[in-house]
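J.: Below: one structure in structure tokens.
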Amino acid sequence: MDKAALRLTFFSLLFTCVNLAATNKKQDIYSFNINSTVTSHYATTVITSRVKNLLRHRQEVLFEVKIPKNAFIRQFRMTIEGKTYDGVVKDKNEAQWEYEKAISQEESAGLISAVGRTLEDFKTSVTVAAFSKVTFELTYEELLKRRLGKYELLINAQLMQPVADFKIDVHIHENQQISSMEIKGGLYLTNAVTINIAGKDAWVTFYPTRDQQTKCGDCSINGLNGSLIVMYDVKRLKQSGVLKVSNGYFVHFFAPTDIQPISKKVVFIIDQSGSMRGKKIEQTRLAMLSILSDLAEGDLFGLITFNYHIQTWKPYLLTATKGNVEEAKKFVKRIKTGANRSSAGDHQSSMFRSFNPSTSPGGGAMAGITPCHPLLMP
């Protein structure tokens with residue numbers, strides 16, 4: 001390993017998904033620990049994985065991580081035969097060139113690439129001598145987002161085998177009292193998770209045995225393969241929130257509860273041309289039925305479908321009363337695919353322009369609202 005050059009590229013990321021190759025017991029993940037510390041919604045997570053080569057000759061060990069784009073890696077290192085190799089941060093274009101060069105020279109290298117709208121994929125591999133061990137250590141940081149009234153910390157693991165020493169430890173410290181906490185996810189096992197809350201601090205541990213690692217919702221004979229989600233919130237005594245200042249910078253956290261939702265006007269435009277035939281139109285109908293159920297009674301909405309001709313559910317916007325929503329759902333359930341496409345943009349604009357709060361059914365409560373852009377259903 002003296003000649004090994006470790007070149008790693010780190011971009012933005014958040015949630016952690018670890019996938020270590022371990023097939024036919026050629027190698028063994030004998031220890032896998034995740035330690036996450038959250039302070040004022042800001043999480044620092046350290047993943048430590050230890051792998052042993054079980055063969056009588058050297059072999060390549062792969063370390064793969066899927067991570068979201070809104071977090072970043074602070075440090076990555078590998079330790080082999082007592083020597084530690086640290087990753088180096090590179091510009092994206094430079095990193096791609098360095099990665100290809102390292103691979104061509106059969107050196108250890110790692111690179112992050114996009115695998116979807118929210119995830120990026122990081123891989124690195126190293127050659128390990130017969131019966132030797134390697135330790136991977138990844139440290140990343142993220143600012144937790146508050147969704148539906150709760151902060152979420154998500155950890156995902158795909159280990160490809162039961163692990164003797166598997167642990168997840170989470171410590172949360174907030175400036176305000178922790179008011180609630182909930183654990184979800186396919187890895188959740190009631191008898192393997194412990195939760196302790198003491199004022200502004202909370203501790204969560206997940207220590208499944210080898211046997212339990214094959215029995216959770218997202219588990220198989222190959223071990224853990226899913227996510228664990230820690231959800232929590234704090235008591236907010238002031239509507240103005242909390243202001244923190246450090247080294248000339250400040251951050252303002254606030255989540256007011258006394259603000260009334262703003263009513264909206266929206267026209268849903270649905271493509272029912274031949275290209276939507278089959279599963280696409282089925283998924284669109286299901287999505288629309290769910291969206292219609294979520295409309296507030298103060299909202300105004302309309303529906304337009306198009307293929308070789310354009311059809312409007314109503315020529316004007318209606319308030320989202322229970323009766324109107326149910327009638328709209330019946331219309332959505334009857335949507336079928338046709339042939340050629342036509343433009344529905346003019347009809348959408350006309351529907352907004354023709355809306356008159358004083359004359360349109362159920363429209364009186366919407367006076368003064370500025371028309372918004374339509375929601376397009378692909």
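All residue names refer to the structure tokens as shown: chains lettered A, B, ... in order, residues numbered from 1 in each chain, ligands numbered from 1 in order.
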Considering only C-alpha atoms, return as an mmCIF file with N, CA and C atoms, in the first residue's frame whatever protein or nucleic-acid residues lie within 9 Å of stretch 28-37 of chain A, sequence-local ones (same chain, fewer than 5 positions apart) excluded.
T.:
```
data_model
loop_
_atom_site.group_PDB
_atom_site.id
_atom_site.type_symbol
_atom_site.label_atom_id
_atom_site.label_comp_id
_atom_site.auth_asym_id
_atom_site.auth_seq_id
_atom_site.Cartn_x
_atom_site.Cartn_y
_atom_site.Cartn_z
ATOM 1 N N LEU A 20 -21.597 -2.463 1.153
ATOM 2 C CA LEU A 20 -20.287 -3.092 1.101
ATOM 3 C C LEU A 20 -20.426 -4.473 0.502
ATOM 4 N N ALA A 22 -20.018 -8.191 -0.096
ATOM 5 C CA ALA A 22 -19.579 -9.305 0.733
ATOM 6 C C ALA A 22 -20.290 -10.553 0.252
ATOM 7 N N THR A 23 -19.807 -11.169 -0.802
ATOM 8 C CA THR A 23 -20.471 -12.306 -1.400
ATOM 9 C C THR A 23 -19.660 -13.562 -1.189
ATOM 10 N N TYR A 42 -28.239 20.553 13.467
ATOM 11 C CA TYR A 42 -27.082 20.317 12.602
ATOM 12 C C TYR A 42 -26.429 19.006 13.016
ATOM 13 N N ALA A 43 -26.365 18.071 12.067
ATOM 14 C CA ALA A 43 -25.913 16.715 12.374
ATOM 15 C C ALA A 43 -24.522 16.437 11.815
ATOM 16 N N THR A 44 -23.713 15.793 12.633
ATOM 17 C CA THR A 44 -22.415 15.265 12.207
ATOM 18 C C THR A 44 -22.452 13.757 12.413
ATOM 19 N N THR A 45 -22.245 13.020 11.342
ATOM 20 C CA THR A 45 -22.372 11.560 11.391
ATOM 21 C C THR A 45 -21.051 10.908 10.987
ATOM 22 N N VAL A 46 -20.647 9.936 11.775
ATOM 23 C CA VAL A 46 -19.423 9.183 11.497
ATOM 24 C C VAL A 46 -19.791 7.711 11.296
ATOM 25 N N ILE A 47 -19.412 7.169 10.149
ATOM 26 C CA ILE A 47 -19.627 5.753 9.843
ATOM 27 C C ILE A 47 -18.279 5.052 9.874
ATOM 28 N N THR A 48 -18.188 4.008 10.664
ATOM 29 C CA THR A 48 -16.956 3.235 10.745
ATOM 30 C C THR A 48 -17.262 1.787 10.401
ATOM 31 N N SER A 49 -16.632 1.303 9.343
ATOM 32 C CA SER A 49 -16.846 -0.075 8.895
ATOM 33 C C SER A 49 -15.510 -0.810 8.845
ATOM 34 N N ARG A 50 -15.495 -2.010 9.419
ATOM 35 C CA ARG A 50 -14.279 -2.819 9.439
ATOM 36 C C ARG A 50 -14.528 -4.122 8.692
ATOM 37 N N VAL A 51 -13.636 -4.410 7.733
ATOM 38 C CA VAL A 51 -13.812 -5.564 6.855
ATOM 39 C C VAL A 51 -12.539 -6.408 6.868
ATOM 40 N N LYS A 52 -12.720 -7.724 6.852
ATOM 41 C CA LYS A 52 -11.573 -8.640 6.829
ATOM 42 C C LYS A 52 -11.585 -9.477 5.553
ATOM 43 N N ASN A 53 -10.429 -9.612 4.937
ATOM 44 C CA ASN A 53 -10.261 -10.486 3.778
ATOM 45 C C ASN A 53 -10.110 -11.926 4.281
ATOM 46 N N LEU A 54 -11.035 -12.802 3.885
ATOM 47 C CA LEU A 54 -11.030 -14.182 4.370
ATOM 48 C C LEU A 54 -10.252 -15.129 3.464
ATOM 49 N N ILE A 155 -30.951 7.441 8.153
ATOM 50 C CA ILE A 155 -29.763 6.606 7.964
ATOM 51 C C ILE A 155 -30.192 5.342 7.242
ATOM 52 N N LEU A 159 -25.980 -3.766 3.925
ATOM 53 C CA LEU A 159 -24.716 -4.379 4.312
ATOM 54 C C LEU A 159 -24.432 -5.702 3.616
ATOM 55 N N GLN A 161 -24.939 -8.594 4.459
ATOM 56 C CA GLN A 161 -24.679 -9.709 5.369
ATOM 57 C C GLN A 161 -25.038 -9.284 6.787
ATOM 58 N N PRO A 162 -25.432 -10.207 7.671
ATOM 59 C CA PRO A 162 -25.562 -9.878 9.093
ATOM 60 C C PRO A 162 -24.187 -9.555 9.669
ATOM 61 N N VAL A 163 -24.146 -8.570 10.572
ATOM 62 C CA VAL A 163 -22.880 -8.106 11.138
ATOM 63 C C VAL A 163 -22.884 -8.355 12.646
ATOM 64 N N ALA A 164 -21.802 -8.920 13.149
ATOM 65 C CA ALA A 164 -21.726 -9.248 14.573
ATOM 66 C C ALA A 164 -21.795 -8.002 15.438
ATOM 67 N N ASP A 165 -21.084 -6.966 15.044
ATOM 68 C CA ASP A 165 -21.036 -5.724 15.823
ATOM 69 C C ASP A 165 -21.662 -4.600 15.012
ATOM 70 N N PHE A 166 -22.988 -4.530 15.038
ATOM 71 C CA PHE A 166 -23.700 -3.476 14.313
ATOM 72 C C PHE A 166 -24.361 -2.557 15.325
ATOM 73 N N LYS A 167 -24.070 -1.252 15.228
ATOM 74 C CA LYS A 167 -24.634 -0.283 16.169
ATOM 75 C C LYS A 167 -24.930 1.041 15.479
ATOM 76 N N ILE A 168 -26.049 1.636 15.856
ATOM 77 C CA ILE A 168 -26.362 3.014 15.471
ATOM 78 C C ILE A 168 -26.620 3.788 16.757
ATOM 79 N N ASP A 169 -25.846 4.851 16.971
ATOM 80 C CA ASP A 169 -26.015 5.715 18.141
ATOM 81 C C ASP A 169 -26.305 7.127 17.681
ATOM 82 N N VAL A 170 -27.365 7.721 18.227
ATOM 83 C CA VAL A 170 -27.739 9.094 17.885
ATOM 84 C C VAL A 170 -27.891 9.893 19.179
ATOM 85 N N HIS A 171 -27.213 11.030 19.258
ATOM 86 C CA HIS A 171 -27.365 11.943 20.394
ATOM 87 C C HIS A 171 -27.831 13.288 19.860
ATOM 88 N N ILE A 172 -28.940 13.784 20.390
ATOM 89 C CA ILE A 172 -29.522 15.055 19.952
ATOM 90 C C ILE A 172 -29.490 16.046 21.105
ATOM 91 N N HIS A 173 -28.954 17.235 20.845
ATOM 92 C CA HIS A 173 -28.965 18.318 21.830
ATOM 93 C C HIS A 173 -29.535 19.564 21.166
#
```
J.: Would you give me, as JSON lines, each residue of stretch 147-204 of chain A having an atom within 12 Å of an atom of stretch 138-142 of chain A, along with its shortest atom pair and that distance in Å to one decimal, using only C-alpha atoms and sorting by chain and residue number?
T.:
```
{"residue": "A:Tyr151", "atom": "CA", "partner": "A:Glu142", "partner_atom": "CA", "distance": 12.0}
{"residue": "A:Glu152", "atom": "CA", "partner": "A:Glu142", "partner_atom": "CA", "distance": 11.0}
{"residue": "A:Leu153", "atom": "CA", "partner": "A:Glu142", "partner_atom": "CA", "distance": 9.3}
{"residue": "A:Leu154", "atom": "CA", "partner": "A:Glu142", "partner_atom": "CA", "distance": 10.8}
{"residue": "A:Ile155", "atom": "CA", "partner": "A:Tyr140", "partner_atom": "CA", "distance": 11.9}
```
J.: What residues in stretch 233-324 of chain A get the DSSP label strand (DSSP E)? Please answer as a VMD selection string.
T.: chain A and resid 233 to 234 242 to 246 249 to 253 265 to 271 300 to 306 310 to 312 318 to 319
J.: Would you return as a list of chain:residue names the members of stretch 58-264 of chain A that DSSP assigns to helix (DSSP H, G or I) on this structure's backbone?
T.: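 These are the residues in question: A:Lys92, A:Asn93, A:Glu94, A:Ala95, A:Gln96, A:Trp97, A:Glu98, A:Tyr99, A:Glu100, A:Lys101, A:Ala102, A:Ile103, A:Ser104, A:Thr190, A:Asn191, A:Ala192, A:Gln212, A:Gln213, A:Thr214.
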J.: Selected residues, C-alpha atoms, written as a compact mmCIF listing (two decimals), in the first residue's frame, please.
T.:
```
# COMPACT_ATOMS: atom_id res chain seq x y z
CA LYS A 92 -15.44 18.33 -10.12
CA ASN A 93 -13.62 18.37 -13.51
CA GLU A 94 -10.19 17.89 -11.94
CA ALA A 95 -11.56 15.07 -9.80
CA GLN A 96 -12.91 13.19 -12.83
CA TRP A 97 -9.52 13.39 -14.53
CA GLU A 98 -7.67 12.32 -11.38
CA TYR A 99 -10.09 9.43 -10.85
CA GLU A 100 -9.65 8.05 -14.38
CA LYS A 101 -5.87 8.39 -14.08
CA ALA A 102 -5.79 6.54 -10.76
CA ILE A 103 -7.97 3.70 -12.06
CA SER A 104 -5.79 3.27 -15.14
CA THR A 190 -39.18 -2.37 18.59
CA ASN A 191 -36.99 -4.63 20.71
CA ALA A 192 -33.74 -3.35 19.16
CA GLN A 212 -32.75 -9.60 14.25
CA GLN A 213 -30.87 -8.21 11.23
CA THR A 214 -32.74 -10.73 9.05
```
J.: Using only C-alpha atoms, pick whichever of A:Val61, A:Met231, A:Val242, A:Leu303 has the shortest atom-to-atom distance to A:Ser179.
T.: A:Met231
J.: Please list as a PyMOL selection string every residue within 9 Å of A:Lys314, counting only C-alpha atoms and excluding residues in the same chain fewer than 4 positions away.
T.: chain A and resi 302-304+318
J.: Take the residues that were just selected and, keeping N, CA and C atoms, output them as a tab-separated table (two decimals), in the first residue's frame.
T.:
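Generated file (result_28.tsv):
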```
chain	number	residue	atom	x	y	z
A	302	GLY	N	-59.24	24.09	-10.92
A	302	GLY	CA	-59.87	23.70	-12.17
A	302	GLY	C	-59.09	22.55	-12.78
A	303	LEU	N	-59.69	21.89	-13.77
A	303	LEU	CA	-59.07	20.74	-14.43
A	303	LEU	C	-59.17	20.88	-15.94
A	304	ILE	N	-58.06	20.62	-16.63
A	304	ILE	CA	-58.03	20.62	-18.09
A	304	ILE	C	-57.32	19.35	-18.55
A	318	LEU	N	-63.55	26.57	-9.28
A	318	LEU	CA	-64.51	26.30	-8.20
A	318	LEU	C	-63.76	26.20	-6.88
```
J.: Can you tell me how far atom CA of A:Gln239 sits from atom CA of A:Gly149, in Å to one decimal?
T.: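 Interatomic distance here is 14.4 Å.
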J.: Identify which of the residues A:Val65, A:Ala255, A:Leu292, A:Ala287 lies closest to A:Gly323, counting only C-alpha atoms when measuring atom-to-atom distances.
T.: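 Using only C-alpha atoms, A:Gly323 sits closest to A:Leu292.
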J.: Quick one: pull the distance between atom CA of A:Thr321 and atom CA of A:Glu297, Å, one decimal.
T.: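 Value for the atom CA of A:Thr321-atom CA of A:Glu297 distance: 5.3 Å.
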J.: Skip A:Leu289 itself and residues of its chain fewer than 5 positions away, then list as a PDB file with all heavy atoms, in the first residue's frame all residues within 9 Å of it, counting only C-alpha atoms.
T.:
```pdb
ATOM      1  N   THR A 284     -50.978   8.888 -13.044  1.00  0.00           N
ATOM      2  CA  THR A 284     -51.467  10.273 -13.048  1.00  0.00           C
ATOM      3  C   THR A 284     -52.817  10.365 -12.356  1.00  0.00           C
ATOM      4  O   THR A 284     -53.062  11.293 -11.571  1.00  0.00           O
ATOM      5  CB  THR A 284     -51.575  10.789 -14.493  1.00  0.00           C
ATOM      6  OG1 THR A 284     -50.288  10.751 -15.110  1.00  0.00           O
ATOM      7  CG2 THR A 284     -52.104  12.214 -14.525  1.00  0.00           C
ATOM      8  N   ASP A 294     -56.079  16.731  -0.837  1.00  0.00           N
ATOM      9  CA  ASP A 294     -55.276  17.621   0.002  1.00  0.00           C
ATOM     10  C   ASP A 294     -55.629  19.093  -0.159  1.00  0.00           C
ATOM     11  O   ASP A 294     -55.074  19.934   0.557  1.00  0.00           O
ATOM     12  CB  ASP A 294     -53.787  17.430  -0.314  1.00  0.00           C
ATOM     13  CG  ASP A 294     -53.267  16.078   0.156  1.00  0.00           C
ATOM     14  OD1 ASP A 294     -53.895  15.493   1.053  1.00  0.00           O
ATOM     15  OD2 ASP A 294     -52.251  15.613  -0.391  1.00  0.00           O
ATOM     16  N   ALA A 328     -64.966  16.370  -8.932  1.00  0.00           N
ATOM     17  CA  ALA A 328     -63.718  16.415  -9.691  1.00  0.00           C
ATOM     18  C   ALA A 328     -63.042  15.044  -9.722  1.00  0.00           C
ATOM     19  O   ALA A 328     -62.466  14.630 -10.737  1.00  0.00           O
ATOM     20  CB  ALA A 328     -62.776  17.451  -9.087  1.00  0.00           C
ATOM     21  N   LYS A 329     -63.126  14.307  -8.635  1.00  0.00           N
ATOM     22  CA  LYS A 329     -62.546  12.963  -8.582  1.00  0.00           C
ATOM     23  C   LYS A 329     -63.237  12.028  -9.569  1.00  0.00           C
ATOM     24  O   LYS A 329     -62.583  11.192 -10.217  1.00  0.00           O
ATOM     25  CB  LYS A 329     -62.634  12.402  -7.165  1.00  0.00           C
ATOM     26  CG  LYS A 329     -61.664  13.036  -6.181  1.00  0.00           C
ATOM     27  CD  LYS A 329     -61.767  12.389  -4.813  1.00  0.00           C
ATOM     28  CE  LYS A 329     -60.757  12.971  -3.842  1.00  0.00           C
ATOM     29  NZ  LYS A 329     -60.838  12.336  -2.498  1.00  0.00           N
ATOM     30  N   VAL A 332     -61.786  12.794 -12.891  1.00  0.00           N
ATOM     31  CA  VAL A 332     -60.432  12.245 -13.020  1.00  0.00           C
ATOM     32  C   VAL A 332     -60.475  10.744 -13.285  1.00  0.00           C
ATOM     33  O   VAL A 332     -59.705  10.216 -14.108  1.00  0.00           O
ATOM     34  CB  VAL A 332     -59.603  12.551 -11.750  1.00  0.00           C
ATOM     35  CG1 VAL A 332     -58.290  11.771 -11.756  1.00  0.00           C
ATOM     36  CG2 VAL A 332     -59.332  14.050 -11.643  1.00  0.00           C
ATOM     37  N   LYS A 333     -61.352  10.030 -12.620  1.00  0.00           N
ATOM     38  CA  LYS A 333     -61.433   8.576 -12.791  1.00  0.00           C
ATOM     39  C   LYS A 333     -61.852   8.192 -14.205  1.00  0.00           C
ATOM     40  O   LYS A 333     -61.578   7.078 -14.661  1.00  0.00           O
ATOM     41  CB  LYS A 333     -62.415   7.990 -11.782  1.00  0.00           C
ATOM     42  CG  LYS A 333     -61.920   8.048 -10.347  1.00  0.00           C
ATOM     43  CD  LYS A 333     -62.975   7.519  -9.378  1.00  0.00           C
ATOM     44  CE  LYS A 333     -62.475   7.610  -7.932  1.00  0.00           C
ATOM     45  NZ  LYS A 333     -63.492   7.146  -6.974  1.00  0.00           N
TER      46      LYS A 333
END
```
J.: Quick one: distance from atom CA of A:Thr39 to atom CA of A:Gly186 in Å, one decimal?
T.: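 Result for atom CA of A:Thr39 versus atom CA of A:Gly186: 25.5 Å, one decimal.
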J.: May I ask which of the residues A:Ser290, A:Thr135, A:Ser40, A:Gln260 is the closest one to A:Leu62, counting only C-alpha atoms?
T.: A:Thr135
J.: Given the choices A:Ile73, A:Val266, A:Val234, A:Leu55, which gets closest to A:Ser132 if the distance is worked out from only C-alpha atoms?
T.: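 When distances to A:Ser132 are compared using only C-alpha atoms, the smallest one comes from A:Leu55.
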J.: Which residues, written as a list in words, have at least one atom at most 7 Å from A:Ala129, with only C-alpha atoms counted and residues fewer than 3 positions away on the same chain left out?
T.: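 So, after excluding close chain neighbours, the residues are His57, Arg58, Gln59 and Ser132 of chain A.
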J.: Now that the selection is made, can you save its residues with N, CA, C and O atoms as an mmCIF file, in the first residue's frame?
T.:
```
data_model
loop_
_atom_site.group_PDB
_atom_site.id
_atom_site.type_symbol
_atom_site.label_atom_id
_atom_site.label_comp_id
_atom_site.auth_asym_id
_atom_site.auth_seq_id
_atom_site.Cartn_x
_atom_site.Cartn_y
_atom_site.Cartn_z
ATOM 1 N N HIS A 57 -5.336 -15.112 -0.494
ATOM 2 C CA HIS A 57 -4.634 -14.199 -1.395
ATOM 3 C C HIS A 57 -5.312 -12.834 -1.317
ATOM 4 O O HIS A 57 -6.429 -12.704 -0.806
ATOM 5 N N ARG A 58 -4.646 -11.822 -1.833
ATOM 6 C CA ARG A 58 -5.200 -10.480 -1.759
ATOM 7 C C ARG A 58 -6.435 -10.360 -2.646
ATOM 8 O O ARG A 58 -6.593 -11.073 -3.639
ATOM 9 N N GLN A 59 -7.309 -9.421 -2.294
ATOM 10 C CA GLN A 59 -8.509 -9.175 -3.098
ATOM 11 C C GLN A 59 -8.967 -7.739 -2.918
ATOM 12 O O GLN A 59 -8.556 -7.039 -1.986
ATOM 13 N N SER A 132 -5.983 -9.975 5.902
ATOM 14 C CA SER A 132 -5.784 -8.636 6.473
ATOM 15 C C SER A 132 -7.113 -7.912 6.616
ATOM 16 O O SER A 132 -8.142 -8.339 6.092
#
```
J.: Which residues, written as JSON, numbers by chain, have at least one atom at most 12 Å from A:Arg56, with only C-alpha atoms counted and residues fewer than 6 positions away on the same chain left out?
T.: {"A": [26, 27, 128, 129, 130, 131, 132]}
J.: Dump N, CA and C atoms for the selected residues as a tab-separated table (two decimals), in the first residue's frame?
T.:
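Output below, filename selection29.tsv:
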```tsv
chain	number	residue	atom	x	y	z
A	26	LYS	N	-16.19	-14.20	0.91
A	26	LYS	CA	-14.81	-13.89	0.53
A	26	LYS	C	-14.25	-12.81	1.44
A	27	GLN	N	-15.15	-12.06	2.05
A	27	GLN	CA	-14.75	-11.02	3.00
A	27	GLN	C	-15.85	-10.89	4.04
A	128	VAL	N	-6.71	-5.58	-0.50
A	128	VAL	CA	-6.36	-5.97	0.86
A	128	VAL	C	-5.62	-7.31	0.82
A	129	ALA	N	-4.52	-7.42	1.55
A	129	ALA	CA	-3.72	-8.65	1.57
A	129	ALA	C	-4.48	-9.80	2.23
A	130	ALA	N	-3.98	-11.04	2.03
A	130	ALA	CA	-4.62	-12.23	2.59
A	130	ALA	C	-4.78	-12.11	4.10
A	131	PHE	N	-6.01	-12.38	4.58
A	131	PHE	CA	-6.35	-12.39	6.00
A	131	PHE	C	-6.11	-11.04	6.68
A	132	SER	N	-5.98	-9.97	5.90
A	132	SER	CA	-5.78	-8.64	6.47
A	132	SER	C	-7.11	-7.91	6.62
```
J.: Counting only C-alpha atoms, which residue out of A:Val193, A:Ile80, A:Val38, A:Ile221 sits closest to A:Pro208?
T.: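 Using only C-alpha atoms, A:Pro208 sits closest to A:Val193.
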